[in-house]
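Structure file start.pdb with PDB, C-alpha atoms, pLDDT in the B column:
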MODEL        1
ATOM      1  CA  MET L   3     -92.193  24.690  22.621  1.00 87.00           C
ATOM      2  CA  THR L   4     -95.301  26.457  23.891  1.00 93.00           C
ATOM      3  CA  ASP L   5     -96.935  29.467  22.246  1.00 94.00           C
ATOM      4  CA  LEU L   6     -95.823  31.704  25.118  1.00 95.00           C
ATOM      5  CA  GLU L   7     -92.206  30.564  24.715  1.00 94.00           C
ATOM      6  CA  LYS L   8     -92.361  31.275  20.983  1.00 93.00           C
ATOM      7  CA  GLN L   9     -93.901  34.680  21.649  1.00 94.00           C
ATOM      8  CA  PHE L  10     -91.244  35.385  24.299  1.00 95.00           C
ATOM      9  CA  LEU L  11     -88.350  34.610  21.934  1.00 94.00           C
ATOM     10  CA  ASP L  12     -89.958  36.335  18.949  1.00 93.00           C
ATOM     11  CA  CYS L  13     -90.423  39.495  21.017  1.00 93.00           C
ATOM     12  CA  CYS L  14     -86.797  39.381  22.139  1.00 92.00           C
ATOM     13  CA  ALA L  15     -85.538  38.859  18.589  1.00 90.00           C
ATOM     14  CA  LYS L  16     -87.779  41.545  17.110  1.00 91.00           C
ATOM     15  CA  TYR L  17     -87.345  44.359  19.618  1.00 92.00           C
ATOM     16  CA  TYR L  18     -84.277  43.642  21.743  1.00 92.00           C
ATOM     17  CA  LEU L  19     -81.782  41.725  19.603  1.00 88.00           C
ATOM     18  CA  GLU L  20     -79.083  44.390  19.949  1.00 89.00           C
ATOM     19  CA  ARG L  21     -79.412  44.669  23.710  1.00 89.00           C
ATOM     20  CA  SER L  22     -77.155  42.593  25.886  1.00 90.00           C
ATOM     21  CA  ILE L  23     -79.595  42.435  28.819  1.00 94.00           C
ATOM     22  CA  ILE L  24     -83.368  42.208  28.482  1.00 95.00           C
ATOM     23  CA  SER L  25     -85.757  42.651  31.397  1.00 94.00           C
ATOM     24  CA  SER L  26     -89.217  41.352  32.133  1.00 94.00           C
ATOM     25  CA  ASP L  27     -90.490  44.940  32.028  1.00 93.00           C
ATOM     26  CA  ASP L  28     -89.368  45.138  28.389  1.00 94.00           C
ATOM     27  CA  LEU L  29     -91.316  42.004  27.488  1.00 95.00           C
ATOM     28  CA  LEU L  30     -94.450  42.999  29.388  1.00 94.00           C
ATOM     29  CA  LYS L  31     -94.857  45.900  26.946  1.00 94.00           C
ATOM     30  CA  TYR L  32     -95.554  43.394  24.162  1.00 95.00           C
ATOM     31  CA  ILE L  33     -96.720  40.222  25.903  1.00 95.00           C
ATOM     32  CA  ASP L  34     -99.965  40.399  27.862  1.00 94.00           C
ATOM     33  CA  VAL L  35     -99.544  37.673  30.512  1.00 95.00           C
ATOM     34  CA  PRO L  36     -99.069  37.743  34.279  1.00 94.00           C
ATOM     35  CA  LEU L  37     -95.495  38.313  35.409  1.00 93.00           C
ATOM     36  CA  ILE L  38     -95.356  34.912  37.147  1.00 93.00           C
ATOM     37  CA  SER L  39     -96.191  33.164  33.846  1.00 94.00           C
ATOM     38  CA  LEU L  40     -93.462  35.107  32.097  1.00 94.00           C
ATOM     39  CA  GLN L  41     -90.994  34.171  34.832  1.00 94.00           C
ATOM     40  CA  ARG L  42     -91.809  30.449  34.542  1.00 94.00           C
ATOM     41  CA  CYS L  43     -91.482  30.732  30.794  1.00 95.00           C
ATOM     42  CA  ALA L  44     -88.053  32.331  31.211  1.00 95.00           C
ATOM     43  CA  GLU L  45     -86.957  29.555  33.579  1.00 95.00           C
ATOM     44  CA  ARG L  46     -87.965  26.908  31.057  1.00 96.00           C
ATOM     45  CA  LEU L  47     -86.218  28.738  28.217  1.00 96.00           C
ATOM     46  CA  GLU L  48     -83.075  28.915  30.314  1.00 96.00           C
ATOM     47  CA  GLN L  49     -83.243  25.147  30.933  1.00 96.00           C
ATOM     48  CA  HIS L  50     -83.451  24.552  27.189  1.00 94.00           C
ATOM     49  CA  GLY L  51     -80.583  26.923  26.398  1.00 94.00           C
ATOM     50  CA  TYR L  52     -82.470  29.744  24.671  1.00 94.00           C
ATOM     51  CA  ILE L  53     -81.595  32.334  27.325  1.00 95.00           C
ATOM     52  CA  LYS L  54     -78.830  32.563  29.920  1.00 95.00           C
ATOM     53  CA  ASN L  55     -77.928  34.455  33.092  1.00 95.00           C
ATOM     54  CA  LEU L  56     -81.514  34.594  34.307  1.00 95.00           C
ATOM     55  CA  CYS L  57     -81.540  36.823  37.382  1.00 94.00           C
ATOM     56  CA  ILE L  58     -84.831  36.919  39.291  1.00 91.00           C
ATOM     57  CA  GLN L  59     -85.146  40.027  41.422  1.00 88.00           C
ATOM     58  CA  TYR L  60     -87.538  41.268  44.030  1.00 79.00           C
ATOM     59  CA  ARG L  61     -91.267  40.977  43.163  1.00 78.00           C
ATOM     60  CA  ARG L  62     -90.487  38.457  40.417  1.00 80.00           C
ATOM     61  CA  ARG L  63     -88.953  40.901  38.006  1.00 92.00           C
ATOM     62  CA  PHE L  64     -86.081  39.363  36.084  1.00 95.00           C
ATOM     63  CA  ASP L  65     -83.277  40.056  33.629  1.00 95.00           C
ATOM     64  CA  PHE L  66     -81.629  37.701  31.156  1.00 95.00           C
ATOM     65  CA  GLN L  67     -79.516  37.442  28.013  1.00 95.00           C
ATOM     66  CA  LEU L  68     -80.373  35.703  24.764  1.00 93.00           C
ATOM     67  CA  THR L  69     -78.164  32.846  23.626  1.00 93.00           C
ATOM     68  CA  TYR L  70     -77.351  32.128  20.005  1.00 91.00           C
ATOM     69  CA  GLU L  71     -80.056  29.439  19.965  1.00 91.00           C
ATOM     70  CA  GLY L  72     -82.545  32.017  21.201  1.00 90.00           C
ATOM     71  CA  THR L  73     -81.760  34.410  18.392  1.00 88.00           C
ATOM     72  CA  VAL L  74     -81.923  31.842  15.579  1.00 90.00           C
ATOM     73  CA  ARG L  75     -84.840  29.746  16.835  1.00 86.00           C
ATOM     74  CA  ARG L  76     -86.840  30.003  13.603  1.00 85.00           C
ATOM     75  CA  GLU L  77     -83.921  28.960  11.428  1.00 88.00           C
ATOM     76  CA  MET L  78     -83.226  26.034  13.732  1.00 84.00           C
ATOM     77  CA  CYS L  79     -86.876  24.942  13.509  1.00 85.00           C
ATOM     78  CA  LEU L  80     -86.706  25.034   9.720  1.00 88.00           C
ATOM     79  CA  GLU L  81     -83.525  22.954   9.790  1.00 89.00           C
ATOM     80  CA  HIS L  82     -85.180  20.406  12.089  1.00 86.00           C
ATOM     81  CA  ILE L  83     -88.161  20.174   9.713  1.00 89.00           C
ATOM     82  CA  LYS L  84     -85.864  19.722   6.700  1.00 88.00           C
ATOM     83  CA  ASP L  85     -83.905  17.010   8.523  1.00 88.00           C
ATOM     84  CA  PHE L  86     -87.107  15.266   9.528  1.00 87.00           C
ATOM     85  CA  LEU L  87     -88.484  15.317   5.986  1.00 86.00           C
ATOM     86  CA  LEU L  88     -85.206  14.103   4.566  1.00 86.00           C
ATOM     87  CA  LYS L  89     -84.755  11.271   7.052  1.00 88.00           C
ATOM     88  CA  SER L  90     -88.374  10.227   7.491  1.00 88.00           C
ATOM     89  CA  LEU L  91     -89.845  10.803   4.059  1.00 88.00           C
ATOM     90  CA  PHE L  92     -87.361  11.290   1.231  1.00 86.00           C
ATOM     91  CA  VAL L  93     -84.841   8.569   2.121  1.00 86.00           C
ATOM     92  CA  PRO L  94     -87.468   5.815   2.657  1.00 89.00           C
ATOM     93  CA  VAL L  95     -89.179   6.705  -0.644  1.00 89.00           C
ATOM     94  CA  VAL L  96     -85.885   6.597  -2.546  1.00 88.00           C
ATOM     95  CA  VAL L  97     -84.913   3.285  -0.933  1.00 89.00           C
ATOM     96  CA  SER L  98     -88.343   1.855  -1.773  1.00 91.00           C
ATOM     97  CA  VAL L  99     -88.106   2.944  -5.417  1.00 90.00           C
ATOM     98  CA  ILE L 100     -84.595   1.531  -5.781  1.00 93.00           C
ATOM     99  CA  SER L 101     -85.605  -1.800  -4.212  1.00 92.00           C
ATOM    100  CA  SER L 102     -88.675  -1.998  -6.448  1.00 92.00           C
ATOM    101  CA  LEU L 103     -86.526  -1.385  -9.515  1.00 91.00           C
ATOM    102  CA  ILE L 104     -84.067  -4.071  -8.436  1.00 92.00           C
ATOM    103  CA  VAL L 105     -86.837  -6.593  -7.803  1.00 90.00           C
ATOM    104  CA  ALA L 106     -88.498  -5.752 -11.144  1.00 88.00           C
ATOM    105  CA  SER L 107     -85.225  -6.060 -13.083  1.00 88.00           C
ATOM    106  CA  VAL L 108     -84.361  -9.382 -11.417  1.00 87.00           C
ATOM    107  CA  GLY L 109     -87.844 -10.651 -12.244  1.00 86.00           C
ATOM    108  CA  TYR L 110     -87.466  -9.479 -15.841  1.00 85.00           C
ATOM    109  CA  LEU L 111     -84.044 -11.127 -16.212  1.00 85.00           C
ATOM    110  CA  TRP L 112     -85.382 -14.321 -14.666  1.00 86.00           C
ATOM    111  CA  SER L 113     -88.314 -14.451 -17.080  1.00 84.00           C
ATOM    112  CA  MET L 114     -86.040 -13.682 -20.076  1.00 82.00           C
ATOM    113  CA  ARG L 115     -83.693 -16.514 -19.052  1.00 81.00           C
ATOM    114  CA  SER L 116     -86.649 -18.852 -18.729  1.00 79.00           C
ATOM    115  CA  ILE L 117     -87.918 -17.885 -22.195  1.00 79.00           C
ATOM    116  CA  LYS L 118     -84.448 -18.341 -23.688  1.00 77.00           C
ATOM    117  CA  GLU L 119     -84.028 -21.796 -22.131  1.00 78.00           C
ATOM    118  CA  ASN L 120     -87.456 -22.912 -23.348  1.00 78.00           C
ATOM    119  CA  SER L 121     -86.847 -21.630 -26.870  1.00 75.00           C
ATOM    120  CA  GLN L 122     -83.549 -23.569 -27.199  1.00 67.00           C
ATOM    121  CA  SER L 123     -85.021 -26.939 -26.292  1.00 57.00           C
ATOM    122  CA  PRO L 124     -86.073 -29.011 -29.300  1.00 58.00           C
ATOM    123  CA  ILE L 125     -89.749 -29.091 -30.116  1.00 59.00           C
ATOM    124  CA  ALA L 126     -91.121 -32.560 -29.674  1.00 60.00           C
ATOM    125  CA  GLN L 127     -92.631 -34.100 -32.809  1.00 63.00           C
ATOM    126  CA  PRO L 128     -96.088 -35.542 -32.400  1.00 60.00           C
ATOM    127  CA  ALA L 129     -96.035 -39.289 -31.961  1.00 59.00           C
ATOM    128  CA  SER L 130     -98.769 -39.854 -34.466  1.00 61.00           C
ATOM    129  CA  GLU L 131    -100.435 -37.756 -37.058  1.00 60.00           C
ATOM    130  CA  LEU L 132    -104.125 -37.319 -37.427  1.00 59.00           C
ATOM    131  CA  ILE L 133    -105.257 -38.672 -40.781  1.00 59.00           C
ATOM    132  CA  THR L 134    -108.486 -37.439 -42.188  1.00 60.00           C
ATOM    133  CA  ASP L 135    -110.477 -39.896 -44.200  1.00 58.00           C
ATOM    134  CA  THR L 136    -112.598 -38.649 -47.032  1.00 62.00           C
ATOM    135  CA  ASN L 137    -115.484 -40.646 -45.660  1.00 62.00           C
ATOM    136  CA  GLY L 138    -115.470 -38.486 -42.510  1.00 58.00           C
ATOM    137  CA  LEU L 139    -113.853 -41.141 -40.322  1.00 57.00           C
ATOM    138  CA  ASN L 140    -110.654 -40.357 -38.548  1.00 56.00           C
ATOM    139  CA  HIS L 141    -107.957 -42.989 -38.226  1.00 54.00           C
ATOM    140  CA  GLN L 142    -104.802 -42.949 -36.264  1.00 53.00           C
TER     141      GLN L 142
ENDMDL
END
I'd like the structure from this file rewritten - as structure tokens, please.
Amino acid sequence: MTDLEKQFLDCCAKYYLERSIISSDDLLKYIDVPLISLQRCAERLEQHGYIKNLCIQYRRRFDFQLTYEGTVRREMCLEHIKDFLLKSLFVPVVVSVISSLIVASVGYLWSMRSIKENSQSPIAQPASELITDTNGLNHQ
């Protein structure tokens, strides 16, 4: 959404929310752009469902009505941001943490099993002992 479209809808919501029909003359009091730019903006907003019943009159003056989406645009933007953060940031982080914990616990259990198996096997006795001679010579 362009800055002009945001300004258009904010002006409607701030000054003309209770009115059923809003005209371009009403908006031109608060928005300093050429009438043709305001008309094109209104046409685009109608295409996206923010306004309805756009009626363009002689010399490009127009009238329209706000839709529900037009009146709650800010709330809808906040909801879209929350959804984006939840789906694109929070869920992948949680999945990553859970998978890391699973991998770490499997690795820990694997190493504990390996230690347990190695500790239960008999310790091999040395085949020969090292005998120390008092003369400093070693014999086997």
Ranking L:Ser26, L:Gln9, L:Ser116, L:Thr69 by minimum distance to L:Cys57 and counting only C-alpha atoms, which one comes first? L:Ser26
Take the point (-93.0, 42.9, 27.8) in the file's coordinates, draw a sphere of radius 12 Å around it, and report as an MDAnalysis selection string every protein, DNA or RNA residue with an atom inside or on it, counting all atoms listed in the file. chainID L and resid 6 9:14 16:18 24:37 39:41 63:65
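Of the residues listed (L:Ile38, L:Val95, L:Met114, L:Ile104), L:Ile38 shows the shortest atom-to-atom separation from L:Arg61; distances use only C-alpha atoms.
Note that atom CA of L:Ala15 and atom CA of L:Arg76 are 10.2 Å apart.
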With distances taken over only C-alpha atoms, the candidate from L:Glu20, L:Asp5, L:Glu119, L:Glu45 nearest L:Ile58 is L:Glu45
So that I can check the surroundings of L:Tyr70, please list as a ChimeraX atom specification every protein, DNA and RNA residue that reaches within 10 Å of it, counting all atoms listed in the file and ignoring chain neighbours fewer than 6 positions away. /L:51-53
Please, could you write that set of residues out with C-alpha atoms as a short mmCIF file (atom, residue, chain, number, x, y, z; two decimals), keeping the file's coordinate frame?
data_model
loop_
_atom_site.label_atom_id
_atom_site.label_comp_id
_atom_site.auth_asym_id
_atom_site.auth_seq_id
_atom_site.Cartn_x
_atom_site.Cartn_y
_atom_site.Cartn_z
CA GLY L 51 -80.58 26.92 26.40
CA TYR L 52 -82.47 29.74 24.67
CA ILE L 53 -81.60 32.33 27.32
#
